[in-house]
file my_file.cif (mmCIF, C-alpha atoms and all ligand atoms)
data_start
#
loop_
_atom_site.label_atom_id
_atom_site.label_comp_id
_atom_site.auth_asym_id
_atom_site.auth_seq_id
_atom_site.Cartn_x
_atom_site.Cartn_y
_atom_site.Cartn_z
CA MET A 1185 118.81 -1.82 -84.99
CA VAL A 1186 115.67 0.23 -85.45
CA SER A 1187 115.20 2.89 -88.12
CA VAL A 1188 112.55 5.59 -88.05
CA ASN A 1189 111.33 7.41 -91.16
CA ARG A 1190 109.06 10.43 -91.22
CA ASN A 1191 106.75 11.41 -94.11
CA VAL A 1192 103.61 13.37 -94.85
CA PHE A 1193 100.54 11.09 -94.83
CA GLY A 1194 97.89 13.65 -95.74
CA GLU A 1195 96.26 17.00 -95.10
CA LEU A 1196 93.23 17.40 -92.86
CA PRO A 1197 90.30 19.20 -94.46
CA SER A 1198 89.79 22.95 -93.98
CA GLY A 1199 93.33 23.68 -92.83
CA GLY A 1200 93.12 21.19 -89.96
CA GLY A 1201 96.82 20.41 -90.24
CA THR A 1202 99.24 17.90 -91.70
CA VAL A 1203 99.08 14.25 -90.68
CA GLU A 1204 102.48 12.61 -90.64
CA LYS A 1205 103.43 8.96 -90.94
CA PHE A 1206 106.26 7.37 -88.97
CA GLN A 1207 107.70 4.15 -90.26
CA LEU A 1208 109.56 2.07 -87.70
CA ARG A 1209 111.65 -0.87 -88.89
CA SER A 1210 113.52 -3.60 -87.08
CA ASP A 1211 114.95 -6.82 -88.55
CA GLN A 1212 111.62 -8.49 -87.92
CA LEU A 1213 108.90 -5.85 -88.06
CA ARG A 1214 107.80 -2.79 -89.97
CA VAL A 1215 105.15 -0.61 -88.46
CA ASP A 1216 103.54 2.56 -89.83
CA ILE A 1217 101.94 4.95 -87.35
CA ILE A 1218 100.25 8.26 -88.13
CA SER A 1219 99.83 11.33 -85.95
CA TRP A 1220 96.02 11.22 -86.44
CA GLY A 1221 94.78 9.23 -83.46
CA CYS A 1222 98.28 7.66 -82.92
CA THR A 1223 96.93 5.14 -85.41
CA ILE A 1224 98.81 2.04 -86.54
CA THR A 1225 98.09 1.92 -90.27
CA ALA A 1226 100.28 -1.05 -91.22
CA LEU A 1227 102.27 -3.76 -89.45
CA GLU A 1228 104.38 -6.12 -91.53
CA VAL A 1229 105.37 -9.41 -89.97
CA LYS A 1230 107.26 -12.31 -91.54
CA ASP A 1231 105.77 -15.76 -91.84
CA ARG A 1232 107.54 -19.11 -91.47
CA GLN A 1233 109.10 -18.69 -94.95
CA GLY A 1234 110.28 -15.17 -94.21
CA THR A 1235 107.61 -13.53 -96.37
CA ALA A 1236 106.24 -10.35 -94.81
CA SER A 1237 102.51 -9.52 -94.78
CA ASP A 1238 100.59 -6.65 -93.32
CA VAL A 1239 98.61 -8.09 -90.39
CA VAL A 1240 96.43 -5.11 -89.41
CA LEU A 1241 93.21 -3.86 -91.00
CA GLY A 1242 93.17 -0.27 -92.19
CA PHE A 1243 93.23 2.19 -95.05
CA ALA A 1244 95.80 3.30 -97.61
CA GLU A 1245 94.80 6.97 -97.43
CA LEU A 1246 93.99 9.48 -94.73
CA GLU A 1247 90.39 9.81 -96.05
CA GLY A 1248 89.75 6.25 -94.90
CA TYR A 1249 90.56 7.19 -91.32
CA LEU A 1250 88.42 10.33 -91.40
CA GLN A 1251 85.21 8.54 -92.41
CA LYS A 1252 82.97 6.71 -89.97
CA GLN A 1253 84.98 3.56 -89.20
CA PRO A 1254 85.45 1.27 -86.20
CA TYR A 1255 88.66 2.65 -84.65
CA PHE A 1256 91.07 0.75 -86.93
CA GLY A 1257 94.53 0.88 -85.31
CA ALA A 1258 93.78 3.95 -83.20
CA VAL A 1259 94.49 4.88 -79.62
CA VAL A 1260 91.18 5.28 -77.83
CA GLY A 1261 90.51 7.50 -74.83
CA ARG A 1262 90.02 9.44 -72.58
CA VAL A 1263 88.12 6.33 -71.49
CA ALA A 1264 88.21 3.33 -73.80
CA ASN A 1265 85.20 0.99 -73.86
CA ARG A 1266 81.73 1.71 -72.50
CA ILE A 1267 80.46 3.89 -69.67
CA ALA A 1268 76.87 3.00 -68.84
CA LYS A 1269 74.47 5.70 -70.08
CA GLY A 1270 77.54 7.97 -70.39
CA THR A 1271 77.22 9.07 -66.82
CA PHE A 1272 79.16 8.85 -63.57
CA THR A 1273 79.51 10.66 -60.25
CA LEU A 1274 82.91 11.80 -59.05
CA ASP A 1275 83.62 13.56 -55.76
CA GLY A 1276 79.89 14.26 -55.43
CA LYS A 1277 79.47 15.77 -58.89
CA LYS A 1278 77.50 14.15 -61.68
CA TYR A 1279 78.96 14.08 -65.18
CA GLN A 1280 77.07 13.42 -68.41
CA LEU A 1281 79.09 12.44 -71.47
CA PRO A 1282 77.81 12.37 -75.05
CA ILE A 1283 75.98 9.14 -75.91
CA ASN A 1284 77.63 7.89 -79.09
CA ARG A 1285 76.66 4.21 -78.94
CA GLU A 1286 73.09 4.08 -77.65
CA PRO A 1287 72.49 4.09 -74.74
CA ASN A 1288 76.14 4.37 -73.65
CA SER A 1289 79.33 6.33 -74.15
CA LEU A 1290 81.91 4.41 -76.18
CA HIS A 1291 85.65 5.00 -76.61
CA GLY A 1292 85.87 8.56 -75.37
CA GLY A 1293 82.82 10.03 -77.08
CA LEU A 1294 82.05 11.81 -80.33
CA ARG A 1295 85.57 13.09 -80.82
CA GLY A 1296 87.78 10.86 -78.75
CA PHE A 1297 91.58 10.54 -78.80
CA ASP A 1298 91.31 8.59 -82.08
CA LYS A 1299 89.93 11.67 -83.87
CA VAL A 1300 92.54 14.28 -83.03
CA LEU A 1301 95.97 15.26 -84.29
CA TRP A 1302 98.82 14.45 -81.89
CA MET A 1303 102.24 16.10 -81.57
CA PRO A 1304 104.95 13.71 -82.70
CA GLN A 1305 108.53 13.39 -81.54
CA VAL A 1306 110.95 10.99 -83.19
CA LEU A 1307 112.95 8.72 -80.87
CA SER A 1308 115.96 6.54 -81.73
CA ASN A 1309 113.80 3.41 -81.66
CA GLY A 1310 110.29 4.74 -82.14
CA VAL A 1311 107.98 7.69 -81.91
CA GLN A 1312 106.25 9.51 -79.08
CA PHE A 1313 102.96 11.35 -79.47
CA SER A 1314 101.61 13.83 -76.96
CA ARG A 1315 98.64 16.10 -76.51
CA VAL A 1316 96.73 18.00 -73.89
CA SER A 1317 93.09 17.03 -73.59
CA PRO A 1318 91.40 20.23 -72.39
CA ASP A 1319 89.25 20.46 -69.28
CA GLY A 1320 85.73 19.39 -70.25
CA GLU A 1321 86.73 17.68 -73.51
CA GLU A 1322 83.93 15.25 -74.40
CA GLY A 1323 82.46 16.00 -70.98
CA TYR A 1324 85.42 14.73 -68.92
CA PRO A 1325 86.66 16.67 -65.88
CA GLY A 1326 90.05 18.36 -65.80
CA GLU A 1327 92.89 18.80 -68.20
CA LEU A 1328 94.79 15.66 -69.10
CA LYS A 1329 98.33 15.58 -70.47
CA VAL A 1330 98.91 12.38 -72.44
CA TRP A 1331 101.95 10.69 -73.96
CA VAL A 1332 101.73 7.59 -76.16
CA THR A 1333 105.06 6.01 -77.09
CA TYR A 1334 105.59 3.30 -79.68
CA THR A 1335 108.98 1.59 -79.78
CA LEU A 1336 110.32 -1.46 -81.59
CA ASP A 1337 112.59 -4.05 -80.11
CA GLY A 1338 113.29 -6.91 -82.53
CA GLY A 1339 109.99 -8.73 -82.95
CA GLU A 1340 108.28 -6.67 -80.28
CA LEU A 1341 106.14 -3.55 -80.62
CA VAL A 1342 105.91 -1.81 -77.26
CA VAL A 1343 103.21 0.76 -76.52
CA ASN A 1344 103.48 2.93 -73.41
CA TYR A 1345 100.72 5.24 -72.23
CA ARG A 1346 101.33 8.00 -69.69
CA ALA A 1347 98.97 10.67 -68.41
CA GLN A 1348 98.72 13.39 -65.76
CA ALA A 1349 95.51 15.09 -64.68
CA SER A 1350 94.79 18.57 -63.30
CA GLN A 1351 91.62 17.24 -61.64
CA ALA A 1352 90.39 13.76 -60.79
CA THR A 1353 89.20 12.00 -63.96
CA PRO A 1354 88.68 8.47 -65.20
CA VAL A 1355 91.40 7.39 -67.66
CA ASN A 1356 91.56 4.21 -69.70
CA LEU A 1357 93.80 4.10 -72.77
CA THR A 1358 94.30 1.32 -75.27
CA ASN A 1359 95.14 0.61 -78.89
CA HIS A 1360 92.34 -0.66 -81.11
CA SER A 1361 94.25 -2.56 -83.83
CA TYR A 1362 92.38 -5.31 -85.66
CA PHE A 1363 94.75 -8.17 -86.46
CA ASN A 1364 94.54 -10.93 -89.01
CA LEU A 1365 97.72 -13.01 -88.83
CA ALA A 1366 97.00 -14.62 -92.21
CA GLY A 1367 97.43 -11.12 -93.65
CA GLN A 1368 94.91 -8.30 -93.63
CA GLY A 1369 92.19 -8.81 -96.24
CA SER A 1370 91.91 -12.54 -95.43
CA PRO A 1371 88.20 -13.29 -95.07
CA ASN A 1372 88.10 -14.32 -91.40
CA VAL A 1373 90.14 -15.34 -88.35
CA TYR A 1374 88.46 -18.71 -87.80
CA ASP A 1375 91.74 -20.58 -88.32
CA HIS A 1376 93.48 -18.63 -85.54
CA GLU A 1377 94.22 -20.42 -82.27
CA VAL A 1378 93.60 -18.20 -79.28
CA THR A 1379 94.71 -18.41 -75.67
CA ILE A 1380 93.76 -15.82 -73.04
CA GLU A 1381 95.21 -15.99 -69.55
CA ALA A 1382 92.02 -15.28 -67.62
CA ASP A 1383 90.25 -17.30 -64.94
CA THR A 1384 87.30 -14.88 -64.94
CA PHE A 1385 85.47 -12.61 -67.37
CA LEU A 1386 82.75 -9.96 -67.21
CA PRO A 1387 79.28 -11.02 -68.38
CA VAL A 1388 77.42 -8.13 -70.06
CA ASP A 1389 73.84 -6.97 -70.51
CA GLU A 1390 72.23 -6.44 -73.93
CA THR A 1391 73.95 -3.02 -74.23
CA LEU A 1392 77.36 -4.63 -73.58
CA ILE A 1393 77.72 -3.09 -70.11
CA PRO A 1394 79.14 -5.49 -67.50
CA THR A 1395 76.45 -6.76 -65.15
CA GLY A 1396 78.88 -6.42 -62.23
CA ASP A 1397 79.39 -10.13 -61.92
CA ILE A 1398 82.97 -11.43 -62.16
CA ALA A 1399 82.29 -14.89 -63.55
CA PRO A 1400 84.60 -17.92 -63.65
CA VAL A 1401 85.44 -19.01 -67.21
CA GLN A 1402 85.50 -22.65 -66.13
CA GLY A 1403 83.01 -24.70 -68.14
CA THR A 1404 82.00 -21.78 -70.39
CA ALA A 1405 82.83 -20.52 -73.91
CA PHE A 1406 85.08 -17.99 -72.19
CA ASP A 1407 87.56 -20.58 -71.03
CA LEU A 1408 90.43 -19.78 -73.39
CA ARG A 1409 93.16 -20.79 -70.96
CA LYS A 1410 94.08 -23.59 -73.34
CA ALA A 1411 94.34 -22.74 -77.03
CA VAL A 1412 91.11 -23.01 -79.04
CA GLU A 1413 90.64 -22.71 -82.78
CA LEU A 1414 88.34 -19.74 -83.04
CA GLY A 1415 85.92 -20.86 -85.78
CA ARG A 1416 85.37 -24.29 -84.31
CA HIS A 1417 85.04 -22.85 -80.83
CA LEU A 1418 82.35 -20.33 -81.86
CA GLN A 1419 80.43 -23.13 -83.55
CA GLU A 1420 80.76 -25.50 -80.64
CA PHE A 1421 79.36 -22.92 -78.20
CA HIS A 1422 76.86 -21.42 -80.68
CA ILE A 1423 78.14 -17.90 -80.15
CA ASP A 1424 78.40 -15.10 -82.61
CA GLY A 1425 81.83 -13.89 -81.54
CA PHE A 1426 83.49 -12.28 -78.52
CA ASP A 1427 83.14 -8.70 -77.32
CA HIS A 1428 84.03 -9.15 -73.68
CA ASN A 1429 86.48 -8.14 -71.02
CA PHE A 1430 88.66 -10.95 -69.77
CA CYS A 1431 90.06 -10.33 -66.29
CA LEU A 1432 93.83 -10.57 -66.09
CA LYS A 1433 96.16 -10.42 -63.12
CA ARG A 1434 95.48 -7.21 -61.24
CA SER A 1435 99.20 -6.58 -60.62
CA LYS A 1436 100.85 -3.63 -62.34
CA GLU A 1437 103.87 -5.80 -63.17
CA LYS A 1438 104.21 -7.00 -66.75
CA HIS A 1439 102.08 -10.14 -67.14
CA PHE A 1440 101.07 -12.51 -69.92
CA CYS A 1441 97.71 -11.69 -71.51
CA ALA A 1442 97.13 -13.67 -74.68
CA ARG A 1443 98.64 -15.71 -77.48
CA VAL A 1444 97.28 -16.11 -80.99
CA HIS A 1445 98.76 -18.60 -83.43
CA HIS A 1446 97.98 -18.76 -87.12
CA HIS A 1447 99.01 -22.22 -88.13
CA GLY A 1448 98.97 -21.60 -91.89
CA SER A 1449 101.60 -18.85 -91.85
CA GLY A 1450 103.23 -19.83 -88.56
CA ARG A 1451 102.76 -16.28 -87.23
CA VAL A 1452 102.35 -15.95 -83.48
CA LEU A 1453 101.27 -12.87 -81.57
CA GLU A 1454 101.84 -12.81 -77.83
CA VAL A 1455 100.52 -9.95 -75.76
CA TYR A 1456 101.89 -8.88 -72.39
CA THR A 1457 100.62 -5.96 -70.39
CA THR A 1458 100.51 -4.06 -67.12
CA GLN A 1459 96.71 -3.69 -67.44
CA PRO A 1460 94.15 -5.69 -65.43
CA GLY A 1461 91.95 -6.55 -68.41
CA VAL A 1462 91.67 -7.20 -72.11
CA GLN A 1463 88.67 -6.64 -74.35
CA PHE A 1464 88.71 -9.54 -76.78
CA TYR A 1465 86.67 -8.39 -79.77
CA THR A 1466 86.26 -10.55 -82.87
CA GLY A 1467 85.11 -7.84 -85.26
CA ASN A 1468 81.45 -8.78 -84.82
CA PHE A 1469 80.21 -5.44 -86.18
CA LEU A 1470 82.39 -5.46 -89.32
CA ASP A 1471 80.07 -5.83 -92.29
CA GLY A 1472 82.19 -5.73 -95.44
CA THR A 1473 81.19 -2.19 -96.45
CA LEU A 1474 84.54 -0.45 -95.81
CA LYS A 1475 87.15 -0.33 -98.57
CA GLY A 1476 90.46 -1.19 -97.01
CA LYS A 1477 94.10 -1.42 -98.05
CA GLY A 1478 94.88 -3.26 -101.27
CA GLY A 1479 91.21 -3.52 -102.23
CA ALA A 1480 90.39 -5.51 -99.09
CA VAL A 1481 86.87 -5.49 -97.69
CA TYR A 1482 86.39 -6.37 -94.08
CA PRO A 1483 83.53 -8.76 -93.38
CA LYS A 1484 82.39 -9.83 -89.94
CA HIS A 1485 85.13 -11.72 -88.04
CA SER A 1486 87.87 -10.66 -90.49
CA GLY A 1487 89.99 -9.27 -87.67
CA PHE A 1488 90.37 -9.54 -83.91
CA CYS A 1489 91.30 -6.95 -81.28
CA LEU A 1490 93.08 -7.53 -77.99
CA GLU A 1491 92.45 -4.21 -76.29
CA THR A 1492 94.45 -4.29 -73.08
CA GLN A 1493 92.79 -1.91 -70.64
CA ASN A 1494 90.94 -1.40 -67.41
CA TRP A 1495 87.56 -3.07 -67.05
CA PRO A 1496 84.61 -1.47 -68.86
CA ASP A 1497 82.38 0.85 -66.86
CA ALA A 1498 84.86 0.73 -63.94
CA VAL A 1499 83.95 4.34 -63.09
CA ASN A 1500 80.49 3.06 -62.05
CA GLN A 1501 81.52 -0.26 -60.52
CA PRO A 1502 83.46 0.24 -57.29
CA HIS A 1503 84.57 -3.40 -57.08
CA PHE A 1504 86.39 -3.11 -60.45
CA PRO A 1505 90.05 -2.01 -60.54
CA PRO A 1506 90.40 1.73 -59.88
CA VAL A 1507 90.11 3.92 -62.98
CA LEU A 1508 90.46 7.40 -61.46
CA LEU A 1509 93.60 9.44 -61.94
CA ARG A 1510 94.11 12.25 -59.44
CA PRO A 1511 96.40 15.29 -59.59
CA GLY A 1512 99.96 14.39 -58.59
CA GLU A 1513 99.54 10.79 -59.72
CA GLU A 1514 100.75 9.35 -62.99
CA TYR A 1515 98.90 6.95 -65.25
CA ASP A 1516 101.55 4.64 -66.70
CA HIS A 1517 100.71 1.46 -68.59
CA THR A 1518 102.55 -0.62 -71.16
CA THR A 1519 101.52 -3.32 -73.61
CA TRP A 1520 103.92 -5.52 -75.53
CA PHE A 1521 102.91 -7.10 -78.87
CA LYS A 1522 105.48 -9.80 -79.50
CA PHE A 1523 105.61 -11.48 -82.92
CA SER A 1524 107.35 -14.74 -83.75
CA VAL A 1525 106.82 -17.86 -85.86
CA ALA A 1526 106.08 -21.39 -84.74
C1 LIG A 1601 83.97 -2.72 -78.63
C2 LIG A 1601 82.91 -3.09 -79.63
C3 LIG A 1601 82.82 -1.96 -80.64
C4 LIG A 1601 84.19 -1.79 -81.27
C5 LIG A 1601 84.35 -0.60 -82.18
C6 LIG A 1601 85.27 -2.57 -79.34
O1 LIG A 1601 86.23 -2.17 -78.46
O2 LIG A 1601 84.07 -3.66 -77.61
O3 LIG A 1601 81.67 -3.29 -79.01
O4 LIG A 1601 81.84 -2.20 -81.59
O5 LIG A 1601 85.13 -1.56 -80.29
O6 LIG A 1601 83.40 -0.27 -82.99
#

call {"tool": "encode", "arguments": {"input": "my_file.cif", "output": "C-alpha cells"}}
result
Amino acid sequence: MVSVNRNVFGELPSGGGTVEKFQLRSDQLRVDIISWGCTITALEVKDRQGTASDVVLGFAELEGYLQKQPYFGAVVGRVANRIAKGTFTLDGKKYQLPINREPNSLHGGLRGFDKVLWMPQVLSNGVQFSRVSPDGEEGYPGELKVWVTYTLDGGELVVNYRAQASQATPVNLTNHSYFNLAGQGSPNVYDHEVTIEADTFLPVDETLIPTGDIAPVQGTAFDLRKAVELGRHLQEFHIDGFDHNFCLKRSKEKHFCARVHHHGSGRVLEVYTTQPGVQFYTGNFLDGTLKGKGGAVYPKHSGFCLETQNWPDAVNQPHFPPVLLRPGEEYDHTTWFKFSVA
C-alpha cells in the first residue's frame, strides 16, 4: 500500500507560483518530492532496528533550494553532466550553450530543469511531473515535452523519465540526490561500502570532460566491481574522491548498476537502471557552508550521488552511446533505488 499526500511547500518570489510537496509512503519508505525541479527533499529509510532516518541531503525550506546550491535531490536536464565548452554541432548547425561551469556547460545551463516549476499530477502510488521545455531554452534546439514519474513499490523508489522532441536535440535526464545511508548530516560517507558494476570508466581532463578513452577499471582505483570501503579505498589510491562516469551495460533492459552498504545501520541501497552510465560523485565540492535540514552542514564527502545517465559530452563523442532524440522517437529511461537492510 502506498499513500500520497499533497501540501504547499512554499511560494516562489515575485508571484512565481506555489511549490507543492508530495509525500509518498510505503511500509518501508517515505519520500518527499517538490514540484520545484522535481526535487527529492527527504527520503526516510529504516535501519536494522527499524528506526527511520532521512538519507538524503537537502533543506527544510524552499529558500534553501532557491539559493546557489549543488543540485540537491533535483532532476537535471535538458542535458545532465558536462558538454565541452558548451558547444556542439547537430545536423550541420552549431549550437552554443551558456557556460555555467568554466569552461563547460553543466547540468542544463543557467536555468536547467532543476530551477523550474513542474506541473504535478497525483497517481495512486506516486506523482508525475511534466513540463514543456520551449524551443531554444538554455540554447537547446526544439521544444521538448518531459514527464518525470516517481512511484513507490515497497522498499523501491522508481523514477521514470520520458521525453518527446519537436526537433532533434540531445537529452540526458537524471536525479541528483546526495545520499548518506548513516543519515543525512553524518560527517562523511567513508564507512560506506560501494560496488559499481562497470568494467570500464571514462578518464577525464582537468575540466572533467571525458578524454574519449574508454578505460578498463582493472588494476585501477576505478575497479569497484567488488565492494570497497570508500574511505580506505580513497586513501589507498591517494585520490580525492570520485567524479566520473562508470560505463554500464549498454542494453536498454533493466540492469544492475551499483550497491552501497552502510554497515553501521545495515542500510543497503541498490541501483538498477536502463541507462548506459552512472556518474559516481562523492560530493568533492561540498564545503560545509550550506545550512541543511536539522542544522546539518555538509562538508566534503558527506554525501554521494549515483547519477544514472548517458555518458558525459556524448553529443561531441560519436563513439559514446547515442544522446540525440529525434521527432517521432521517445526518450524513456527508468532507474530503481532499492532499499533494504543487511
Ligand atoms: C558533477 C560534479 C558537480 C556536481 C554538482 C555532479 O554531477 O559531476 O562535477 O560539481 O554535479 O555541483

call {"tool": "closest_atom_pairs", "arguments": {"input": "my_file.cif", "of": "chain A", "to": "ligand LIG 1601 (chain A)", "cutoff": "7 Å", "atoms": "only C-alpha atoms and all ligand atoms", "output": "tab-separated table"}}
result
residue	atom	partner	partner_atom	distance
A:Pro1254	CA	A:LIG1601	O6	4.1
A:Tyr1255	CA	A:LIG1601	C5	5.9
A:Asn1265	CA	A:LIG1601	O1	5.7
A:His1360	CA	A:LIG1601	O1	6.8
A:Asp1427	CA	A:LIG1601	O2	5.1
A:His1428	CA	A:LIG1601	O2	6.8
A:Gln1463	CA	A:LIG1601	O2	6.4
A:Tyr1465	CA	A:LIG1601	O2	5.8
A:Phe1469	CA	A:LIG1601	O4	5.9
A:Glu1491	CA	A:LIG1601	O1	6.9

call {"tool": "residues_around", "arguments": {"input": "my_file.cif", "residues": "region 1342-1357 of chain A", "least_positions_apart": "5", "cutoff": "7 Å", "atoms": "only C-alpha atoms", "output": "mmCIF file with C-alpha atoms, in the frame of the given file"}}
result
data_model
loop_
_atom_site.group_PDB
_atom_site.id
_atom_site.type_symbol
_atom_site.label_atom_id
_atom_site.label_comp_id
_atom_site.auth_asym_id
_atom_site.auth_seq_id
_atom_site.Cartn_x
_atom_site.Cartn_y
_atom_site.Cartn_z
ATOM 1 C CA VAL A 1259 94.490 4.880 -79.620
ATOM 2 C CA VAL A 1260 91.180 5.280 -77.830
ATOM 3 C CA GLY A 1261 90.510 7.500 -74.830
ATOM 4 C CA ARG A 1262 90.020 9.440 -72.580
ATOM 5 C CA VAL A 1263 88.120 6.330 -71.490
ATOM 6 C CA ALA A 1264 88.210 3.330 -73.800
ATOM 7 C CA TYR A 1324 85.420 14.730 -68.920
ATOM 8 C CA PRO A 1325 86.660 16.670 -65.880
ATOM 9 C CA GLY A 1326 90.050 18.360 -65.800
ATOM 10 C CA GLU A 1327 92.890 18.800 -68.200
ATOM 11 C CA LEU A 1328 94.790 15.660 -69.100
ATOM 12 C CA LYS A 1329 98.330 15.580 -70.470
ATOM 13 C CA VAL A 1330 98.910 12.380 -72.440
ATOM 14 C CA TRP A 1331 101.950 10.690 -73.960
ATOM 15 C CA VAL A 1332 101.730 7.590 -76.160
ATOM 16 C CA THR A 1333 105.060 6.010 -77.090
ATOM 17 C CA TYR A 1334 105.590 3.300 -79.680
ATOM 18 C CA THR A 1335 108.980 1.590 -79.780
ATOM 19 C CA LEU A 1336 110.320 -1.460 -81.590
ATOM 20 C CA GLN A 1493 92.790 -1.910 -70.640
ATOM 21 C CA ASN A 1494 90.940 -1.400 -67.410
ATOM 22 C CA VAL A 1499 83.950 4.340 -63.090
ATOM 23 C CA VAL A 1507 90.110 3.920 -62.980
ATOM 24 C CA LEU A 1508 90.460 7.400 -61.460
ATOM 25 C CA LEU A 1509 93.600 9.440 -61.940
ATOM 26 C CA ARG A 1510 94.110 12.250 -59.440
ATOM 27 C CA PRO A 1511 96.400 15.290 -59.590
ATOM 28 C CA GLU A 1513 99.540 10.790 -59.720
ATOM 29 C CA GLU A 1514 100.750 9.350 -62.990
ATOM 30 C CA TYR A 1515 98.900 6.950 -65.250
ATOM 31 C CA ASP A 1516 101.550 4.640 -66.700
ATOM 32 C CA HIS A 1517 100.710 1.460 -68.590
ATOM 33 C CA THR A 1518 102.550 -0.620 -71.160
ATOM 34 C CA THR A 1519 101.520 -3.320 -73.610
ATOM 35 C CA TRP A 1520 103.920 -5.520 -75.530
ATOM 36 C CA PHE A 1521 102.910 -7.100 -78.870
#

call {"tool": "atom_distance", "arguments": {"input": "my_file.cif", "atom1": "CA of Gly1396 (chain A)", "atom2": "CA of Val1444 (chain A)"}}
result
28.0 Å

call {"tool": "residues_around", "arguments": {"input": "my_file.cif", "residues": "Glu1437 (chain A)", "least_positions_apart": "2", "cutoff": "12 Å", "atoms": "all atoms listed in the file", "output": "number ranges by chain"}}
result
A: 1432-1435, 1439-1441, 1456-1460, 1516-1519

call {"tool": "closest_residue", "arguments": {"input": "my_file.cif", "among": "A:Asn1359, A:Thr1391, A:Ser1314, A:Gln1233", "to": "Lys1269 (chain A)", "atoms": "all atoms listed in the file"}}
result
A:Thr1391

call {"tool": "closest_residue", "arguments": {"input": "my_file.cif", "among": "A:Ile1380, A:Thr1235, A:Thr1395, A:Leu1213", "to": "His1503 (chain A)", "atoms": "only C-alpha atoms"}}
result
A:Thr1395

call {"tool": "decode", "arguments": {"input": "my_file.cif", "residues": "region 1486-1491 of chain A", "atoms": "all heavy atoms", "output": "JSON list (two decimals), in the first residue's frame"}}
result
[["chain", "number", "residue", "atom", "x", "y", "z"],
["A", 1486, "SER", "N", 30.37, 14.35, 2.37],
["A", 1486, "SER", "CA", 29.30, 14.00, 3.31],
["A", 1486, "SER", "C", 28.10, 13.38, 2.62],
["A", 1486, "SER", "O", 27.10, 13.07, 3.27],
["A", 1486, "SER", "CB", 28.89, 15.21, 4.13],
["A", 1486, "SER", "OG", 28.47, 16.26, 3.29],
["A", 1487, "GLY", "N", 28.19, 13.20, 1.31],
["A", 1487, "GLY", "CA", 27.13, 12.53, 0.57],
["A", 1487, "GLY", "C", 27.69, 12.00, -0.73],
["A", 1487, "GLY", "O", 28.73, 12.47, -1.19],
["A", 1488, "PHE", "N", 27.00, 11.03, -1.30],
["A", 1488, "PHE", "CA", 27.43, 10.51, -2.61],
["A", 1488, "PHE", "C", 26.24, 10.51, -3.56],
["A", 1488, "PHE", "O", 25.09, 10.36, -3.13],
["A", 1488, "PHE", "CB", 28.03, 9.10, -2.50],
["A", 1488, "PHE", "CG", 27.01, 8.05, -2.11],
["A", 1488, "PHE", "CD1", 26.28, 7.36, -3.07],
["A", 1488, "PHE", "CD2", 26.76, 7.76, -0.77],
["A", 1488, "PHE", "CE1", 25.33, 6.42, -2.72],
["A", 1488, "PHE", "CE2", 25.81, 6.80, -0.41],
["A", 1488, "PHE", "CZ", 25.09, 6.14, -1.39],
["A", 1489, "CYS", "N", 26.52, 10.69, -4.85],
["A", 1489, "CYS", "CA", 25.47, 10.64, -5.88],
["A", 1489, "CYS", "C", 25.75, 9.48, -6.82],
["A", 1489, "CYS", "O", 26.91, 9.21, -7.15],
["A", 1489, "CYS", "CB", 25.48, 11.90, -6.73],
["A", 1489, "CYS", "SG", 25.33, 13.43, -5.81],
["A", 1490, "LEU", "N", 24.70, 8.82, -7.22],
["A", 1490, "LEU", "CA", 24.78, 7.81, -8.28],
["A", 1490, "LEU", "C", 23.82, 8.28, -9.36],
["A", 1490, "LEU", "O", 22.63, 7.98, -9.33],
["A", 1490, "LEU", "CB", 24.40, 6.43, -7.74],
["A", 1490, "LEU", "CG", 25.44, 5.77, -6.85],
["A", 1490, "LEU", "CD1", 24.84, 4.60, -6.08],
["A", 1490, "LEU", "CD2", 26.67, 5.29, -7.65],
["A", 1491, "GLU", "N", 24.36, 9.09, -10.26],
["A", 1491, "GLU", "CA", 23.54, 9.74, -11.28],
["A", 1491, "GLU", "C", 23.54, 8.86, -12.52],
["A", 1491, "GLU", "O", 24.46, 8.91, -13.33],
["A", 1491, "GLU", "CB", 24.12, 11.11, -11.62],
["A", 1491, "GLU", "CG", 24.31, 12.02, -10.43],
["A", 1491, "GLU", "CD", 25.33, 13.10, -10.72],
["A", 1491, "GLU", "OE1", 25.28, 13.75, -11.77],
["A", 1491, "GLU", "OE2", 26.23, 13.30, -9.88]]
